[in-house]
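With compact mmCIF, C-alpha atoms inside, this is coords_33.txt:
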```txt
# COMPACT_ATOMS: atom_id res chain seq x y z
CA MET A 1 0.00 0.00 0.00
CA ASN A 2 1.12 3.60 -0.56
CA ASP A 3 2.78 5.44 2.30
CA ILE A 4 -0.39 6.18 4.28
CA LYS A 5 0.90 9.61 5.31
CA ARG A 6 0.97 10.72 1.68
CA THR A 7 -2.36 9.15 0.75
CA ARG A 8 -5.19 11.53 -0.08
CA LEU A 9 -7.97 9.04 -0.84
CA LEU A 10 -8.96 5.59 0.41
CA TYR A 11 -11.01 3.75 -2.23
CA LEU A 12 -13.05 0.66 -1.33
CA LEU A 13 -13.66 -1.79 -4.16
CA PRO A 14 -16.09 -4.72 -3.67
CA ARG A 15 -14.16 -7.22 -5.78
CA TYR A 16 -10.93 -7.77 -7.65
CA ASP A 17 -10.89 -10.52 -10.27
CA ALA A 18 -8.80 -10.22 -13.42
CA ASP A 19 -11.23 -12.64 -15.11
CA SER A 20 -14.31 -10.69 -14.07
CA SER A 21 -17.26 -10.48 -16.45
CA GLU A 22 -18.63 -7.52 -14.49
CA HIS A 23 -18.13 -3.78 -14.74
CA PHE A 24 -15.54 -3.89 -11.95
CA PHE A 25 -13.01 -4.86 -14.62
CA HIS A 26 -13.16 -1.30 -15.99
CA LEU A 27 -12.21 0.09 -12.59
CA TYR A 28 -8.87 -1.71 -12.38
CA ASP A 29 -7.26 0.30 -15.17
CA PHE A 30 -9.09 3.44 -14.00
CA LEU A 31 -7.57 3.13 -10.52
CA LYS A 32 -4.08 2.57 -11.92
CA LYS A 33 -4.38 5.84 -13.84
CA LEU A 34 -6.06 7.65 -10.94
CA GLN A 35 -3.11 6.90 -8.65
CA THR A 36 -0.84 8.86 -11.01
CA ARG A 37 -3.03 11.91 -10.32
CA ILE A 38 -4.11 11.39 -6.69
CA PRO A 39 -2.15 9.55 -3.97
CA LEU A 40 -4.54 6.76 -3.09
CA ALA A 41 -4.84 3.39 -1.41
CA VAL A 42 -7.35 0.71 -2.39
CA VAL A 43 -9.12 -1.72 -0.06
CA VAL A 44 -10.75 -4.77 -1.65
CA GLU A 45 -13.54 -6.75 0.01
CA ARG A 46 -13.15 -9.95 -2.03
CA THR A 47 -10.33 -11.07 -4.25
CA SER A 48 -9.76 -13.86 -6.74
CA GLY A 49 -6.21 -14.67 -7.72
CA MET A 50 -3.18 -12.44 -7.28
CA LEU A 51 -3.58 -8.71 -6.73
CA PRO A 52 -1.87 -6.47 -9.31
CA PRO A 53 1.63 -5.39 -8.27
CA ASP A 54 1.26 -1.96 -9.90
CA LEU A 55 -1.74 -0.87 -7.80
CA PRO A 56 -1.63 -0.39 -4.00
CA MET A 57 -4.34 -2.80 -2.86
CA ARG A 58 -5.08 -4.25 0.55
CA PRO A 59 -7.49 -7.20 0.78
CA LEU A 60 -9.91 -7.46 3.68
CA HIS A 61 -9.81 -10.72 5.61
CA MET A 62 -13.38 -11.12 6.88
CA ARG A 63 -15.99 -12.71 4.63
CA PHE A 64 -19.09 -12.75 6.85
CA PRO A 65 -20.80 -9.33 6.38
CA ILE A 66 -21.04 -8.31 10.05
CA PHE A 67 -17.38 -9.15 10.70
CA ARG A 68 -16.36 -7.45 7.45
CA PHE A 69 -18.28 -4.36 8.55
CA VAL A 70 -16.31 -4.23 11.82
CA GLU A 71 -13.04 -4.70 9.92
CA GLU A 72 -13.99 -1.86 7.56
CA ILE A 73 -14.67 0.45 10.49
CA PHE A 74 -11.19 -0.23 11.85
CA VAL A 75 -9.58 0.24 8.42
CA PHE A 76 -11.33 3.58 7.84
CA LEU A 77 -10.67 4.72 11.41
CA ALA A 78 -6.95 3.89 11.17
CA ALA A 79 -6.74 5.76 7.86
CA ARG A 80 -8.58 8.78 9.27
CA LEU A 81 -6.32 8.97 12.32
CA ARG A 82 -3.34 8.95 9.96
CA GLY A 83 -4.69 11.98 8.12
CA ILE A 84 -6.73 10.59 5.21
CA HIS A 85 -9.72 12.88 4.74
CA ASP A 86 -11.64 11.32 1.83
CA PHE A 87 -13.17 7.86 1.44
CA TYR A 88 -14.78 6.56 -1.73
CA VAL A 89 -16.91 3.40 -1.60
CA HIS A 90 -18.08 1.67 -4.74
CA TYR A 91 -21.47 -0.04 -4.19
CA SER A 92 -20.67 -1.83 -0.88
CA TYR A 93 -23.37 -1.29 1.77
CA THR A 94 -21.16 -2.26 4.70
CA GLY A 95 -18.29 -0.16 3.38
CA ALA A 96 -20.51 2.89 2.87
CA ILE A 97 -22.00 2.72 6.36
CA ALA A 98 -18.59 2.11 7.97
CA ALA A 99 -17.08 5.10 6.15
CA ALA A 100 -20.07 7.28 7.06
CA ILE A 101 -19.77 6.40 10.77
CA VAL A 102 -16.06 7.23 10.83
CA VAL A 103 -16.40 10.61 9.09
CA ARG A 104 -19.36 11.57 11.27
CA LEU A 105 -17.31 10.93 14.39
CA PHE A 106 -13.88 12.09 13.23
CA GLY A 107 -14.52 14.37 10.25
CA GLY A 108 -13.77 13.86 6.58
CA ARG A 109 -15.94 12.99 3.59
CA ALA A 110 -17.56 9.70 2.56
CA PHE A 111 -18.41 9.40 -1.13
CA TYR A 112 -20.69 6.48 -1.99
CA TRP A 113 -21.26 5.30 -5.56
CA ASN A 114 -24.60 3.69 -6.33
CA CYS A 115 -26.53 3.79 -9.58
CA SER A 116 -29.69 1.67 -9.74
CA LEU A 117 -33.47 1.85 -9.79
CA TYR A 118 -33.45 -0.11 -6.59
CA ARG A 119 -37.19 -0.02 -5.77
CA GLU A 120 -38.43 -1.22 -9.14
CA PHE A 121 -38.68 -4.94 -8.36
CA PRO A 122 -41.02 -5.88 -5.51
CA LEU A 123 -41.11 -9.55 -4.56
CA SER A 124 -43.87 -11.77 -5.88
CA LYS A 125 -46.81 -12.76 -3.70
CA ASN A 126 -45.31 -16.25 -3.43
CA ALA A 127 -42.01 -15.04 -1.96
CA THR A 128 -40.85 -16.82 1.18
CA TRP A 129 -40.42 -15.05 4.50
CA ARG A 130 -36.65 -15.40 4.10
CA GLU A 131 -36.77 -13.62 0.74
CA ARG A 132 -38.94 -10.87 2.19
CA LEU A 133 -36.60 -10.46 5.15
CA GLN A 134 -33.54 -10.34 2.90
CA GLN A 135 -35.13 -7.73 0.65
CA SER A 136 -36.08 -5.59 3.65
CA VAL A 137 -32.55 -5.80 5.05
CA ASN A 138 -30.99 -4.91 1.69
CA LEU A 139 -33.35 -1.98 1.24
CA TRP A 140 -32.55 -0.66 4.71
CA LEU A 141 -28.81 -1.04 4.11
CA LEU A 142 -28.93 0.74 0.76
CA GLU A 143 -31.02 3.66 1.93
CA THR A 144 -28.98 4.00 5.11
CA SER A 145 -25.83 4.09 2.97
CA VAL A 146 -27.35 6.76 0.72
CA ARG A 147 -28.59 8.90 3.60
CA TRP A 148 -25.55 8.67 5.87
CA CYS A 149 -22.81 9.29 3.30
CA THR A 150 -21.51 12.81 2.78
CA HIS A 151 -22.11 12.62 -0.97
CA LEU A 152 -24.02 10.09 -3.03
CA VAL A 153 -22.22 9.68 -6.35
CA THR A 154 -24.34 8.48 -9.25
CA GLY A 155 -24.20 8.36 -13.02
CA THR A 156 -26.79 10.61 -14.68
CA PRO A 157 -29.33 13.37 -13.88
CA ARG A 158 -32.33 11.04 -14.28
CA VAL A 159 -30.90 8.57 -11.79
CA ALA A 160 -30.09 11.41 -9.39
CA GLU A 161 -33.74 12.49 -9.55
CA TYR A 162 -34.74 8.90 -8.76
CA TYR A 163 -32.74 8.94 -5.51
CA VAL A 164 -34.15 12.32 -4.51
CA SER A 165 -37.67 10.99 -5.03
CA HIS A 166 -37.31 7.48 -3.56
CA ALA A 167 -34.58 7.81 -0.93
CA ARG A 168 -35.76 11.32 -0.04
CA ILE A 169 -32.32 12.87 0.09
CA PRO A 170 -31.53 16.49 -0.79
CA ALA A 171 -30.33 17.04 -4.33
CA GLN A 172 -27.36 19.09 -3.12
CA LYS A 173 -25.70 16.05 -1.54
CA ILE A 174 -25.59 14.22 -4.90
CA ARG A 175 -22.57 14.34 -7.17
CA LEU A 176 -22.68 13.22 -10.80
CA LEU A 177 -19.85 11.09 -12.09
CA PRO A 178 -20.43 9.36 -15.43
CA ASN A 179 -19.41 5.83 -16.22
CA PHE A 180 -16.56 5.59 -18.69
CA VAL A 181 -14.92 3.26 -21.16
CA GLU A 182 -11.35 2.84 -22.36
CA LEU A 183 -11.97 3.57 -26.03
CA GLU A 184 -8.82 1.96 -27.41
CA ARG A 185 -9.70 -1.41 -25.90
CA PHE A 186 -12.84 -1.67 -28.05
CA GLN A 187 -11.24 -0.72 -31.34
CA GLY A 188 -8.59 -2.11 -33.62
CA ILE A 189 -10.21 -5.39 -34.68
CA SER A 190 -12.42 -5.92 -37.74
CA CYS A 191 -15.83 -7.58 -37.72
CA ALA A 192 -14.48 -10.38 -39.93
CA GLU A 193 -11.57 -11.10 -37.58
CA ALA A 194 -13.82 -11.00 -34.50
CA ARG A 195 -16.25 -13.48 -36.08
CA LYS A 196 -13.41 -15.76 -37.08
CA ARG A 197 -12.03 -15.81 -33.53
CA LEU A 198 -15.49 -16.47 -32.10
CA ASN A 199 -16.29 -19.12 -34.73
CA LEU A 200 -19.34 -17.25 -36.02
CA ASP A 201 -20.79 -17.67 -39.51
CA PRO A 202 -19.75 -14.59 -41.55
CA ASN A 203 -22.91 -14.86 -43.66
CA ARG A 204 -25.43 -14.57 -40.82
CA LYS A 205 -26.64 -11.46 -39.06
CA VAL A 206 -25.44 -11.46 -35.43
CA VAL A 207 -27.56 -9.94 -32.66
CA LEU A 208 -25.77 -9.76 -29.31
CA PHE A 209 -27.04 -9.95 -25.75
CA LEU A 210 -24.02 -9.55 -23.48
CA HIS A 211 -25.29 -9.15 -19.95
CA ARG A 212 -26.32 -11.01 -16.84
CA VAL A 213 -29.03 -13.49 -17.87
CA ALA A 214 -31.78 -12.30 -15.52
CA ARG A 215 -35.31 -10.98 -15.78
CA ARG A 216 -34.14 -7.54 -14.67
CA LYS A 217 -31.91 -7.46 -17.72
CA GLY A 218 -34.78 -8.49 -20.01
CA ALA A 219 -33.54 -12.04 -20.71
CA HIS A 220 -37.10 -13.33 -20.56
CA TYR A 221 -37.99 -11.14 -23.56
CA LEU A 222 -35.37 -12.68 -25.83
CA PRO A 223 -37.41 -15.64 -27.20
CA ASP A 224 -40.33 -13.39 -28.15
CA ILE A 225 -38.02 -10.78 -29.67
CA ALA A 226 -36.21 -13.46 -31.66
CA SER A 227 -39.47 -15.00 -32.94
CA MET A 228 -40.71 -11.64 -34.21
CA VAL A 229 -37.37 -10.69 -35.77
CA LEU A 230 -37.02 -14.04 -37.57
CA ARG A 231 -40.37 -13.55 -39.30
CA LYS A 232 -38.78 -10.67 -41.22
CA VAL A 233 -35.04 -11.38 -41.21
CA LYS A 234 -33.11 -14.62 -41.81
CA PRO A 235 -30.62 -16.00 -41.09
CA VAL A 236 -29.88 -14.42 -37.70
CA THR A 237 -27.78 -15.68 -34.80
CA PHE A 238 -28.82 -14.45 -31.36
CA LEU A 239 -25.54 -14.56 -29.45
CA VAL A 240 -26.07 -14.76 -25.67
CA ALA A 241 -22.90 -14.06 -23.70
CA GLY A 242 -23.59 -14.24 -19.99
CA GLY A 243 -24.83 -16.41 -17.19
CA GLY A 244 -27.29 -16.10 -14.35
CA LEU A 245 -30.25 -17.62 -12.57
CA TYR A 246 -32.51 -17.31 -15.61
CA LEU A 247 -30.15 -19.04 -18.05
CA GLU A 248 -31.62 -22.54 -17.79
CA GLU A 249 -35.18 -21.22 -18.11
CA LEU A 250 -34.13 -19.23 -21.18
CA ARG A 251 -32.59 -22.33 -22.76
CA ARG A 252 -35.78 -24.27 -22.07
CA ARG A 253 -37.98 -21.61 -23.66
CA VAL A 254 -35.70 -21.41 -26.71
CA GLU A 255 -36.00 -25.19 -27.18
CA GLN A 256 -39.79 -25.05 -26.81
CA GLN A 257 -40.43 -22.28 -29.36
CA PRO A 258 -38.31 -23.84 -31.18
CA LEU A 259 -35.49 -21.39 -31.72
CA ALA A 260 -32.46 -23.50 -30.89
CA GLY A 261 -30.91 -23.05 -34.34
CA ALA A 262 -30.99 -19.29 -33.95
CA PHE A 263 -29.40 -19.07 -30.48
CA ASP A 264 -25.75 -19.41 -29.55
CA PHE A 265 -25.12 -19.54 -25.78
CA ARG A 266 -21.56 -18.72 -24.70
CA GLY A 267 -21.93 -18.45 -20.91
CA TRP A 268 -19.97 -15.93 -18.86
CA VAL A 269 -17.44 -13.94 -20.87
CA PRO A 270 -14.52 -12.16 -19.16
CA ASN A 271 -14.88 -8.44 -19.74
CA ARG A 272 -11.43 -8.32 -21.30
CA ASP A 273 -12.94 -10.37 -24.18
CA ALA A 274 -16.07 -8.24 -24.52
CA PRO A 275 -14.67 -6.14 -27.43
CA LEU A 276 -14.60 -9.26 -29.64
CA TYR A 277 -18.32 -9.81 -29.15
CA TYR A 278 -19.35 -6.22 -29.84
CA ARG A 279 -17.14 -6.03 -32.93
CA ALA A 280 -18.63 -9.29 -34.24
CA ALA A 281 -22.23 -8.12 -33.82
CA ASP A 282 -24.50 -6.28 -36.24
CA LEU A 283 -26.71 -5.11 -33.40
CA TYR A 284 -26.64 -5.11 -29.59
CA LEU A 285 -29.84 -5.62 -27.56
CA MET A 286 -30.54 -4.15 -24.12
CA PRO A 287 -34.14 -5.04 -23.23
CA SER A 288 -33.49 -4.36 -19.52
CA GLU A 289 -36.27 -3.50 -17.10
CA GLU A 290 -33.84 -1.96 -14.63
CA GLU A 291 -30.63 -0.02 -15.26
CA GLY A 292 -28.98 3.04 -13.80
CA PHE A 293 -26.16 3.97 -16.15
CA PRO A 294 -25.72 0.94 -18.42
CA ARG A 295 -22.02 0.68 -19.19
CA VAL A 296 -22.86 -1.96 -21.82
CA LEU A 297 -24.14 0.84 -24.05
CA LEU A 298 -20.83 2.66 -23.71
CA GLU A 299 -19.04 -0.56 -24.62
CA ALA A 300 -21.26 -1.00 -27.67
CA MET A 301 -20.69 2.59 -28.78
CA ALA A 302 -16.93 2.29 -28.28
CA ALA A 303 -16.98 -0.74 -30.62
CA ASP A 304 -19.09 1.12 -33.25
CA CYS A 305 -21.89 -1.39 -32.54
CA PRO A 306 -25.43 0.00 -32.93
CA PHE A 307 -27.99 -0.96 -30.28
CA ILE A 308 -31.67 -1.09 -29.40
CA ALA A 309 -32.50 -0.37 -25.74
CA PHE A 310 -35.50 0.13 -23.53
CA ASP A 311 -35.99 3.65 -22.15
CA ILE A 312 -35.08 3.05 -18.52
CA GLY A 313 -32.83 4.71 -15.96
CA GLY A 314 -30.34 7.11 -17.46
CA VAL A 315 -30.35 5.77 -21.02
CA ARG A 316 -31.65 8.98 -22.59
CA ASP A 317 -29.07 10.97 -20.63
CA ILE A 318 -26.21 9.27 -22.45
CA VAL A 319 -27.32 8.66 -26.06
CA ALA A 320 -26.70 11.00 -28.97
CA PRO A 321 -29.71 12.74 -30.61
CA GLN A 322 -29.28 10.50 -33.67
CA GLN A 323 -29.65 7.45 -31.42
CA GLU A 324 -32.94 8.42 -29.81
CA GLU A 325 -34.89 6.26 -32.29
CA CYS A 326 -32.91 3.31 -30.87
CA VAL A 327 -34.54 3.89 -27.46
CA ILE A 328 -37.89 2.12 -27.16
CA PRO A 329 -40.60 2.68 -24.50
CA ALA A 330 -39.91 0.29 -21.64
CA GLY A 331 -41.77 -3.01 -21.87
CA ASP A 332 -42.99 -2.60 -25.46
CA VAL A 333 -41.58 -5.88 -26.77
CA ALA A 334 -43.35 -5.66 -30.13
CA ALA A 335 -41.90 -2.21 -30.84
CA PHE A 336 -38.47 -3.39 -29.67
CA ALA A 337 -38.52 -6.40 -32.00
CA ALA A 338 -39.82 -4.31 -34.91
CA ALA A 339 -37.00 -1.80 -34.43
CA CYS A 340 -34.48 -4.66 -34.43
CA ALA A 341 -35.86 -6.19 -37.63
CA ASP A 342 -36.10 -2.86 -39.44
CA ALA A 343 -32.53 -2.00 -38.48
CA LEU A 344 -31.15 -5.37 -39.62
CA LEU A 345 -32.81 -4.82 -43.00
CA ASP A 346 -31.28 -1.36 -43.35
CA PRO A 347 -27.45 -1.46 -43.28
CA ALA A 348 -27.24 2.29 -43.85
CA ARG A 349 -29.25 2.92 -40.69
CA LEU A 350 -27.05 0.56 -38.69
CA ASP A 351 -23.96 2.30 -39.99
CA ALA A 352 -25.35 5.74 -39.07
CA TRP A 353 -26.22 4.58 -35.55
CA GLY A 354 -22.78 3.05 -35.11
CA LYS A 355 -21.01 6.23 -36.23
CA ALA A 356 -23.23 8.41 -34.01
CA GLY A 357 -22.40 6.19 -31.04
CA ALA A 358 -18.67 6.29 -31.80
CA ARG A 359 -18.79 10.10 -31.70
CA GLN A 360 -20.95 10.22 -28.59
CA VAL A 361 -18.86 7.80 -26.53
CA GLU A 362 -15.81 10.06 -26.81
CA ARG A 363 -17.51 12.20 -24.18
CA PHE A 364 -17.30 9.23 -21.79
CA SER A 365 -13.63 8.51 -22.26
CA GLU A 366 -11.61 7.32 -19.30
CA GLU A 367 -9.49 10.48 -19.44
CA ARG A 368 -12.48 12.83 -19.16
CA VAL A 369 -13.95 10.91 -16.21
CA LEU A 370 -10.58 10.85 -14.45
CA GLU A 371 -10.61 14.63 -14.74
CA ALA A 372 -14.19 14.76 -13.44
CA PHE A 373 -13.24 12.56 -10.47
CA GLU A 374 -10.37 14.89 -9.53
CA ARG A 375 -12.60 17.93 -9.76
CA MET A 376 -15.26 16.23 -7.61
CA LEU A 377 -12.70 15.71 -4.83
CA ASP A 378 -11.76 19.39 -5.21
CA GLY A 379 -15.37 20.33 -4.47
CA GLN A 380 -16.57 21.07 -7.99
CA ARG A 381 -19.91 19.79 -9.26
CA LEU A 382 -20.24 18.39 -12.75
CA ASP A 383 -22.49 20.29 -15.15
CA TRP A 384 -24.12 17.54 -17.23
CA ARG A 385 -24.94 19.68 -20.27
CA ASP A 386 -21.46 21.08 -20.35
CA PHE A 387 -20.00 17.59 -19.99
CA LEU A 388 -22.04 16.26 -22.93
CA SER A 389 -21.13 19.27 -25.04
CA GLY A 390 -17.49 18.32 -24.68
CA GLY A 391 -16.64 21.19 -22.33
CA ARG A 392 -14.72 21.07 -19.08
CA THR A 393 -15.94 18.62 -16.48
CA GLY A 394 -16.16 21.03 -13.63
```
Would you write the structure of this file as structure tokens?
Amino acid sequence: MNDIKRTRLLYLLPRYDADSSEHFFHLYDFLKKLQTRIPLAVVVERTSGMLPPDLPMRPLHMRFPIFRFVEEIFVFLAARLRGIHDFYVHYSYTGAIAAAIVVRLFGGRAFYWNCSLYREFPLSKNATWRERLQQSVNLWLLETSVRWCTHLVTGTPRVAEYYVSHARIPAQKIRLLPNFVELERFQGISCAEARKRLNLDPNRKVVLFLHRVARRKGAHYLPDIASMVLRKVKPVTFLVAGGGLYLEELRRRVEQQPLAGAFDFRGWVPNRDAPLYYRAADLYLMPSEEEGFPRVLLEAMAADCPFIAFDIGGVRDIVAPQQEECVIPAGDVAAFAAACADALLDPARLDAWGKAGARQVERFSEERVLEAFERMLDGQRLDWRDFLSGGRTG
């Protein structure tokens, strides 16, 4: 770890895994670059494999949440007593509450990143008492984290408004910090080469779903979308890269329709390999029912891959004006499928969407968000319109 006396920021990361399929993978490079700007130390709740030697990381030892919470309090307290003033917690409930307690007692600032429409999925009537208890505990933890932190950090203005409305927190405690993408990582490989490496037929249209296979991410809509698209467009491969609790049910429904010849299931894909999938695809699908700031859309745009997405969370905050026709009213599966089919039949439209996305995603480059992060720590608030216009971030 860095010399603690020179450290300005303690950053808590929920997980380090070099093979991660999740968005945490983006943060590893981000933190390496951030440490060249801000003296920082990183605490990691859970690790898989060796920690990177070029980033000052300290793993926590406790796995059970209540013991991990106590350990986090001691870690934050020790850092505060050694002069660290700022703590940044990414998603962790226990970490956010521990940091908030320490700064309330000993001064400092606790920044807590969360970006989700967390109240959008009530349990079914058939939920067990354990499921109801777990949901109640998670809801209490999240809203306590949001209310106790010095600043809630979230991705877009629409999501910020959601927290003001649902968590009933003042707007002035919220700080906007966009998601980002390392542009170079998603470029430099042709569609033909990507399809060759993924063993995909070069003569078929490829429609990609790269996400957690869950109802919240719209996985249950895929069979119906595919059926409607295939009435107008053939041949099409629906490439599903991801895993999750709904995967087996999705496979069963695909077999029943039957659609097996049109689906290609790849399971979990490490995020480092994600550029291959976007570059191989003609179209990316995001039929999610719940998103905050979907980084998958930034990934698609960085790879010049056009997309169709439901209008949820902060989607409209991040797309270019030319991409607004790609954003479909949430839950309208027929309109979503029709937009997919029409786009696949119109290569010029796909090309225009891809180019518009490639221009738009430059606003969400890693470099610009690093600058925004620095300015946030310096007390400056991000002006969203100015940020999207390409102006300064603070």
With only C-alpha atoms counted, which protein, DNA or RNA residues have an atom no more than 12 Å from (-39.4, -14.0, -33.0) in the file frame? Please answer as a PyMOL selection string.
chain A and resi 221-234+236-238+254+257-260+262-263+333-334+336-338+340-341
Using all atoms listed in the file and a cutoff of 9 Å, can you tell me which residues are near (-22.8, 8.3, -35.0) in the file's coordinates, and write them out as a PyMOL selection string?
chain A and resi 301+304+306+320+322-323+351-360
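The nearest approach to Thr154 of chain A among the residues A:Phe209, A:Phe293, A:Phe24, A:Tyr88, with all atoms listed in the file taken into account, belongs to A:Phe293.
For the residues A:Val361, A:Ala160, A:Ala41, A:Ile318, ranking by smallest atom-to-atom distance to Trp113 of chain A using all atoms listed in the file places A:Ala160 first.
Shortest atom-to-atom contact with Ser165 of chain A among A:Tyr118, A:Trp148, A:Glu248, A:Pro270: A:Tyr118, counting all atoms listed in the file.
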Counting only C-alpha atoms, closest pick from A:Val207, A:Ala330, A:Leu198, A:Cys191 relative to Ala303 of chain A is A:Cys191
I'd like the box whose edges run along x, y and z of the file and which contains every listed atom of segment 198-215 of chain A, padded by 6 Å per side; could you state its centre and edge lengths in Å, one decimal, as AutoDock Vina command-line options?
```
--center_x -25.4 --center_y -14.1 --center_z -29.6 --size_x 31.8 --size_y 22.0 --size_z 40.1
```
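The closest residue to Leu34 of chain A, picked from A:Cys115, A:Gly243, A:Leu9, A:Phe387 and counting all atoms listed in the file, is A:Leu9.
With all atoms listed in the file as the atoms that count, the residue of A:Thr128, A:Asn199, A:Thr7, A:Ser389 with the shortest distance to Gly83 of chain A is A:Thr7.
The coordinates place atom CA of Arg104 of chain A at 19.8 Å from atom CA of Asp378 of chain A.
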Distance atom CA of Val137 of chain A-atom CA of Pro178 of chain A, one decimal place?
28.2 Å
Quick one: distance from atom CA of Asp54 of chain A to atom CA of Leu176 of chain A in Å, one decimal?
28.4 Å
So that I can check the surroundings of Leu210 of chain A, please list as a VMD selection string every protein, DNA and RNA residue that reaches within 9 Å of it, counting only C-alpha atoms and ignoring chain neighbours fewer than 4 positions away.
chain A and resid 239 to 242 268 to 269 274 277 to 278 284 to 286 296
Long-range neighbours of Val327 of chain A as a VMD selection string, 7 Å cut-off, only C-alpha atoms, 2 positions minimum in chain
chain A and resid 308 to 311 324 to 325 329
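Within 9 Å of Ala100 of chain A, once only C-alpha atoms are used and residues closer than 4 positions along the same chain are dropped, the contacting residues are Phe87, Gly95, Ala96, Arg104, Leu105, Arg109, Ala110, Phe111, Ser145, Trp148, Cys149 and Thr150 of chain A.
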Restore N, CA and C atoms in segment 32-48 of chain A and list the result as a PDB file, keeping the file's coordinate frame.
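Printed below is part01.pdb as written:
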```pdb
ATOM      1  N   LYS A  32      -5.516   2.456 -11.629  1.00  0.00           N
ATOM      2  CA  LYS A  32      -4.080   2.570 -11.920  1.00  0.00           C
ATOM      3  C   LYS A  32      -3.754   3.961 -12.426  1.00  0.00           C
ATOM      4  N   LYS A  33      -4.620   4.504 -13.291  1.00  0.00           N
ATOM      5  CA  LYS A  33      -4.380   5.840 -13.840  1.00  0.00           C
ATOM      6  C   LYS A  33      -4.695   6.923 -12.805  1.00  0.00           C
ATOM      7  N   LEU A  34      -5.699   6.667 -11.959  1.00  0.00           N
ATOM      8  CA  LEU A  34      -6.060   7.650 -10.940  1.00  0.00           C
ATOM      9  C   LEU A  34      -4.908   7.850  -9.944  1.00  0.00           C
ATOM     10  N   GLN A  35      -4.189   6.776  -9.626  1.00  0.00           N
ATOM     11  CA  GLN A  35      -3.110   6.900  -8.650  1.00  0.00           C
ATOM     12  C   GLN A  35      -1.949   7.747  -9.162  1.00  0.00           C
ATOM     13  N   THR A  36      -1.872   7.970 -10.479  1.00  0.00           N
ATOM     14  CA  THR A  36      -0.840   8.860 -11.010  1.00  0.00           C
ATOM     15  C   THR A  36      -1.246  10.325 -10.840  1.00  0.00           C
ATOM     16  N   ARG A  37      -2.515  10.558 -10.511  1.00  0.00           N
ATOM     17  CA  ARG A  37      -3.030  11.910 -10.320  1.00  0.00           C
ATOM     18  C   ARG A  37      -3.254  12.223  -8.836  1.00  0.00           C
ATOM     19  N   ILE A  38      -3.733  11.212  -8.093  1.00  0.00           N
ATOM     20  CA  ILE A  38      -4.110  11.390  -6.690  1.00  0.00           C
ATOM     21  C   ILE A  38      -3.444  10.285  -5.875  1.00  0.00           C
ATOM     22  N   PRO A  39      -2.684  10.604  -4.837  1.00  0.00           N
ATOM     23  CA  PRO A  39      -2.150   9.550  -3.970  1.00  0.00           C
ATOM     24  C   PRO A  39      -3.296   8.787  -3.307  1.00  0.00           C
ATOM     25  N   LEU A  40      -3.404   7.517  -3.611  1.00  0.00           N
ATOM     26  CA  LEU A  40      -4.540   6.760  -3.090  1.00  0.00           C
ATOM     27  C   LEU A  40      -4.116   5.376  -2.630  1.00  0.00           C
ATOM     28  N   ALA A  41      -4.967   4.780  -1.819  1.00  0.00           N
ATOM     29  CA  ALA A  41      -4.840   3.390  -1.410  1.00  0.00           C
ATOM     30  C   ALA A  41      -6.178   2.721  -1.692  1.00  0.00           C
ATOM     31  N   VAL A  42      -6.143   1.442  -2.019  1.00  0.00           N
ATOM     32  CA  VAL A  42      -7.350   0.710  -2.390  1.00  0.00           C
ATOM     33  C   VAL A  42      -7.537  -0.472  -1.432  1.00  0.00           C
ATOM     34  N   VAL A  43      -8.730  -0.583  -0.896  1.00  0.00           N
ATOM     35  CA  VAL A  43      -9.120  -1.720  -0.060  1.00  0.00           C
ATOM     36  C   VAL A  43     -10.096  -2.557  -0.863  1.00  0.00           C
ATOM     37  N   VAL A  44      -9.909  -3.874  -0.857  1.00  0.00           N
ATOM     38  CA  VAL A  44     -10.750  -4.770  -1.650  1.00  0.00           C
ATOM     39  C   VAL A  44     -11.453  -5.762  -0.728  1.00  0.00           C
ATOM     40  N   GLU A  45     -12.786  -5.844  -0.850  1.00  0.00           N
ATOM     41  CA  GLU A  45     -13.540  -6.750   0.010  1.00  0.00           C
ATOM     42  C   GLU A  45     -13.305  -8.211  -0.319  1.00  0.00           C
ATOM     43  N   ARG A  46     -13.333  -8.550  -1.618  1.00  0.00           N
ATOM     44  CA  ARG A  46     -13.150  -9.950  -2.030  1.00  0.00           C
ATOM     45  C   ARG A  46     -12.186  -9.987  -3.202  1.00  0.00           C
ATOM     46  N   THR A  47     -11.309 -10.949  -3.185  1.00  0.00           N
ATOM     47  CA  THR A  47     -10.330 -11.070  -4.250  1.00  0.00           C
ATOM     48  C   THR A  47     -10.343 -12.476  -4.819  1.00  0.00           C
ATOM     49  N   SER A  48      -9.925 -12.577  -6.077  1.00  0.00           N
ATOM     50  CA  SER A  48      -9.760 -13.860  -6.740  1.00  0.00           C
ATOM     51  C   SER A  48      -8.429 -13.821  -7.480  1.00  0.00           C
TER      52      SER A  48
END
```
